[in-house]
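Coordinates as given in data35.pdb (PDB, C-alpha atoms):
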ATOM      1  CA  MET A 189      33.473 -10.854  52.746
ATOM      2  CA  PRO A 190      36.505  -9.985  50.632
ATOM      3  CA  LYS A 191      37.853  -6.478  51.097
ATOM      4  CA  ASP A 192      40.784  -6.568  48.674
ATOM      5  CA  PHE A 193      38.816  -5.030  45.828
ATOM      6  CA  ALA A 194      41.930  -4.331  43.756
ATOM      7  CA  GLU A 195      42.763  -8.048  43.818
ATOM      8  CA  LEU A 196      39.188  -8.961  42.870
ATOM      9  CA  LEU A 197      39.375  -6.588  39.901
ATOM     10  CA  ARG A 198      42.729  -7.962  38.784
ATOM     11  CA  GLY A 199      41.406 -11.509  39.149
ATOM     12  CA  ALA A 200      38.595 -10.602  36.741
ATOM     13  CA  SER A 201      41.108  -9.081  34.281
ATOM     14  CA  LEU A 202      39.826  -5.582  34.957
ATOM     15  CA  ARG A 203      42.084  -2.579  35.360
ATOM     16  CA  VAL A 204      42.091  -1.237  38.911
ATOM     17  CA  THR A 205      40.666   2.287  38.955
ATOM     18  CA  ARG A 206      39.358   4.438  41.790
ATOM     19  CA  PRO A 207      35.781   4.404  40.414
ATOM     20  CA  ARG A 208      35.792   0.602  40.086
ATOM     21  CA  VAL A 209      37.108   0.134  43.608
ATOM     22  CA  ALA A 210      34.586   2.640  44.998
ATOM     23  CA  VAL A 211      31.616   1.047  43.203
ATOM     24  CA  LEU A 212      32.651  -2.487  44.151
ATOM     25  CA  SER A 213      33.062  -1.380  47.753
ATOM     26  CA  ALA A 214      29.631   0.308  47.735
ATOM     27  CA  VAL A 215      27.953  -2.832  46.392
ATOM     28  CA  HIS A 216      29.644  -4.919  49.108
ATOM     29  CA  ASP A 217      28.620  -2.414  51.798
ATOM     30  CA  HIS A 218      25.012  -2.013  50.580
ATOM     31  CA  PRO A 219      23.555  -5.339  49.405
ATOM     32  CA  HIS A 220      20.573  -5.036  47.041
ATOM     33  CA  ALA A 221      21.128  -1.294  46.589
ATOM     34  CA  ASP A 222      19.694   0.473  43.570
ATOM     35  CA  THR A 223      21.856   2.548  41.254
ATOM     36  CA  ASP A 224      20.977   5.871  42.888
ATOM     37  CA  SER A 225      21.967   4.532  46.309
ATOM     38  CA  ILE A 226      25.248   3.228  44.913
ATOM     39  CA  ILE A 227      25.932   6.593  43.264
ATOM     40  CA  GLY A 228      25.317   8.312  46.611
ATOM     41  CA  ALA A 229      27.640   5.947  48.447
ATOM     42  CA  VAL A 230      30.382   6.319  45.838
ATOM     43  CA  ARG A 231      30.089  10.113  45.852
ATOM     44  CA  GLU A 232      30.800  10.152  49.583
ATOM     45  CA  ARG A 233      34.319   8.965  48.665
ATOM     46  CA  LEU A 234      34.886  10.154  45.111
ATOM     47  CA  ASP A 235      33.688  12.794  42.643
ATOM     48  CA  VAL A 236      32.204  10.673  39.861
ATOM     49  CA  SER A 237      29.467  11.065  37.244
ATOM     50  CA  HIS A 238      26.263   9.041  37.050
ATOM     51  CA  GLN A 239      27.418   7.621  33.730
ATOM     52  CA  ALA A 240      30.730   6.474  35.200
ATOM     53  CA  VAL A 241      28.897   4.521  37.909
ATOM     54  CA  TYR A 242      26.544   2.970  35.336
ATOM     55  CA  ASP A 243      29.539   1.995  33.193
ATOM     56  CA  VAL A 244      31.377   0.471  36.156
ATOM     57  CA  LEU A 245      28.297  -1.477  37.265
ATOM     58  CA  ARG A 246      27.932  -2.836  33.741
ATOM     59  CA  SER A 247      31.581  -3.941  33.596
ATOM     60  CA  LEU A 248      31.507  -5.451  37.106
ATOM     61  CA  THR A 249      28.335  -7.369  36.226
ATOM     62  CA  ALA A 250      29.812  -8.618  32.944
ATOM     63  CA  ALA A 251      32.943  -9.737  34.822
ATOM     64  CA  GLY A 252      30.851 -11.649  37.362
ATOM     65  CA  LEU A 253      31.948  -9.546  40.342
ATOM     66  CA  VAL A 254      28.440  -8.239  41.042
ATOM     67  CA  ARG A 255      24.987  -9.531  40.223
ATOM     68  CA  ARG A 256      22.164  -7.416  38.855
ATOM     69  CA  ILE A 257      18.691  -8.350  40.038
ATOM     70  CA  GLN A 258      15.396  -6.735  39.128
ATOM     71  CA  PRO A 259      12.323  -8.121  40.863
ATOM     72  CA  THR A 260       9.048  -7.345  39.090
ATOM     73  CA  GLY A 261       8.078  -3.714  39.594
ATOM     74  CA  SER A 262      11.477  -2.756  40.991
ATOM     75  CA  VAL A 263      14.411  -0.835  39.622
ATOM     76  CA  ALA A 264      17.636  -2.755  39.049
ATOM     77  CA  ARG A 265      19.572  -3.588  42.181
ATOM     78  CA  TYR A 266      23.044  -4.977  42.698
ATOM     79  CA  GLU A 267      24.620  -7.439  45.078
ATOM     80  CA  ALA A 268      28.079  -8.839  45.659
ATOM     81  CA  ARG A 269      26.811 -12.355  46.336
ATOM     82  CA  VAL A 270      27.552 -14.101  43.060
ATOM     83  CA  GLY A 271      28.062 -17.643  41.855
ATOM     84  CA  ASP A 272      25.796 -19.465  44.288
ATOM     85  CA  ASN A 273      22.378 -19.003  42.616
ATOM     86  CA  ASP A 274      20.864 -17.458  45.733
ATOM     87  CA  HIS A 275      17.254 -16.320  45.606
ATOM     88  CA  HIS A 276      15.473 -13.323  47.108
ATOM     89  CA  VAL A 277      12.489 -12.370  49.214
ATOM     90  CA  VAL A 278      10.892  -8.961  48.575
ATOM     91  CA  CYS A 279       8.613  -7.035  50.920
ATOM     92  CA  ARG A 280       5.440  -5.984  49.076
ATOM     93  CA  SER A 281       5.160  -2.901  51.265
ATOM     94  CA  CYS A 282       8.625  -1.333  51.684
ATOM     95  CA  GLN A 283      10.431  -3.185  48.843
ATOM     96  CA  THR A 284      13.219  -4.411  51.146
ATOM     97  CA  ILE A 285      15.069  -7.363  49.638
ATOM     98  CA  ALA A 286      16.814 -10.165  51.519
ATOM     99  CA  ASP A 287      18.798 -13.183  50.352
ATOM    100  CA  VAL A 288      17.310 -16.668  50.484
ATOM    101  CA  ASP A 289      19.695 -19.580  50.101
ATOM    102  CA  CYS A 290      19.034 -21.942  47.236
ATOM    103  CA  ALA A 291      16.711 -24.802  48.140
ATOM    104  CA  THR A 292      18.416 -28.158  48.583
ATOM    105  CA  GLY A 293      17.104 -31.687  48.589
ATOM    106  CA  THR A 294      13.849 -32.516  46.831
ATOM    107  CA  THR A 295      12.567 -29.365  45.137
ATOM    108  CA  PRO A 296       9.871 -30.359  42.648
ATOM    109  CA  CYS A 297       8.838 -26.747  42.035
ATOM    110  CA  LEU A 298      12.373 -25.960  40.810
ATOM    111  CA  THR A 299      12.473 -28.807  38.306
ATOM    112  CA  ALA A 300      11.329 -27.558  34.923
ATOM    113  CA  SER A 301       8.707 -29.844  33.485
ATOM    114  CA  PRO A 302       8.875 -29.970  30.585
ATOM    115  CA  ASP A 303      12.313 -28.459  30.021
ATOM    116  CA  HIS A 304      11.748 -28.074  26.243
ATOM    117  CA  GLY A 305      15.227 -29.460  25.577
ATOM    118  CA  TYR A 306      17.034 -26.641  27.412
ATOM    119  CA  ALA A 307      20.226 -27.364  29.336
ATOM    120  CA  ILE A 308      19.062 -25.492  32.442
ATOM    121  CA  ASP A 309      21.859 -24.225  34.689
ATOM    122  CA  GLU A 310      20.092 -21.739  36.943
ATOM    123  CA  ALA A 311      16.702 -21.036  38.476
ATOM    124  CA  GLU A 312      15.648 -17.586  39.615
ATOM    125  CA  VAL A 313      13.107 -17.553  42.412
ATOM    126  CA  VAL A 314      11.625 -14.469  44.034
ATOM    127  CA  TYR A 315       9.499 -14.862  47.137
ATOM    128  CA  TRP A 316       7.050 -12.076  47.981
ATOM    129  CA  GLY A 317       5.502 -11.144  51.314
ATOM    130  CA  LEU A 318       5.799  -8.669  54.150
ATOM    131  CA  CYS A 319       9.040  -8.126  56.057
ATOM    132  CA  PRO A 320       8.940  -8.340  59.863
ATOM    133  CA  GLY A 321       8.695  -4.544  60.185
ATOM    134  CA  CYS A 322       5.801  -4.186  57.759
ATOM    135  CA  SER A 323       3.914  -7.258  58.980
ATOM    136  CA  ALA A 324       3.965  -5.810  62.514
ATOM    137  CA  VAL A 325       2.170  -2.652  61.343
ATOM    138  CA  PRO A 326      -1.546  -2.977  62.090
ATOM    139  CA  THR A 327      -3.846  -2.626  59.079
ATOM    140  CA  ARG A 328      -6.943  -0.439  59.220
TER     141      ARG A 328
END

Starting from the file, give its structure as structure tokens.
Amino acid sequence: MPKDFAELLRGASLRVTRPRVAVLSAVHDHPHADTDSIIGAVRERLDVSHQAVYDVLRSLTAAGLVRRIQPTGSVARYEARVGDNDHHVVCRSCQTIADVDCATGTTPCLTASPDHGYAIDEAEVVYWGLCPGCSAVPTR
């Protein structure tokens, strides 16, 4: 996992600022974190407004340095894993999210039929279920 956040910012043609470095670091340290969690993590290092964090997240997402995901019924979350079209699994009980690598080989369910003439370049798949902690909890 890259830790030279200043170099990542420069590589994306973004000016290196303390808020950008702090937000990028928080997203790397807390995969799938929501905005409030990122704000909390950033504020442990830096005095920054909510709006500043929102603005930085927007610019980092636009630059391709972070990815915004929003599973159905969830608030927006951010991750540093970008560019590989990874998918996610979400716990129906505690809302924990984990990465799922993109399926390889024969994947008929990921082939759009019909594709309506679109030049498809990405598929977004969200798996739902219970995480190991929640599935171990006995139901009444």

Task: Polymer residues at most 10 Å from A:Cys282, all atoms listed in the file, same-chain spacing of 4 or more positions, as a ChimeraX atom specification - done: /A:278,318-319,321-322

Open item on the list: Which residues, named as in the file, does the PyMOL selection byres ((chain A and resi 189-204) around 9) pick out? Answer as a ChimeraX atom specification.
Closed with: /A:205-210,212-213,216,247-248,251-253

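The result of the PyMOL selection byres ((chain A and resi 289-296) around 9) on the shown file is Asp272, Asn273, Asp274, His275, His276, Asp287, Val288, Cys297, Leu298, Thr299, Ala300 and Val313 of chain A.
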
Task: atom CA of A:Arg256 to atom CA of A:Pro302, distance in Å rounded to a single decimal - done: 27.5 Å

Task: Selection result for the PyMOL selection byres ((chain A and resi 219) around 9) on this file, as a list in words - done: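 Those residues are Ala214, Val215, His216, Asp217, His218, His220, Ala221, Arg265, Tyr266, Glu267, Ala268, Arg269, Ile285 and Ala286 of chain A.
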
Open item on the list: If I take atom CA of A:Gln239 and atom CA of A:Ile226, how far is one from the other in Å, to one decimal?
Closed with: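 Straight-line distance from atom CA of A:Gln239 to atom CA of A:Ile226 works out to 12.2 Å.
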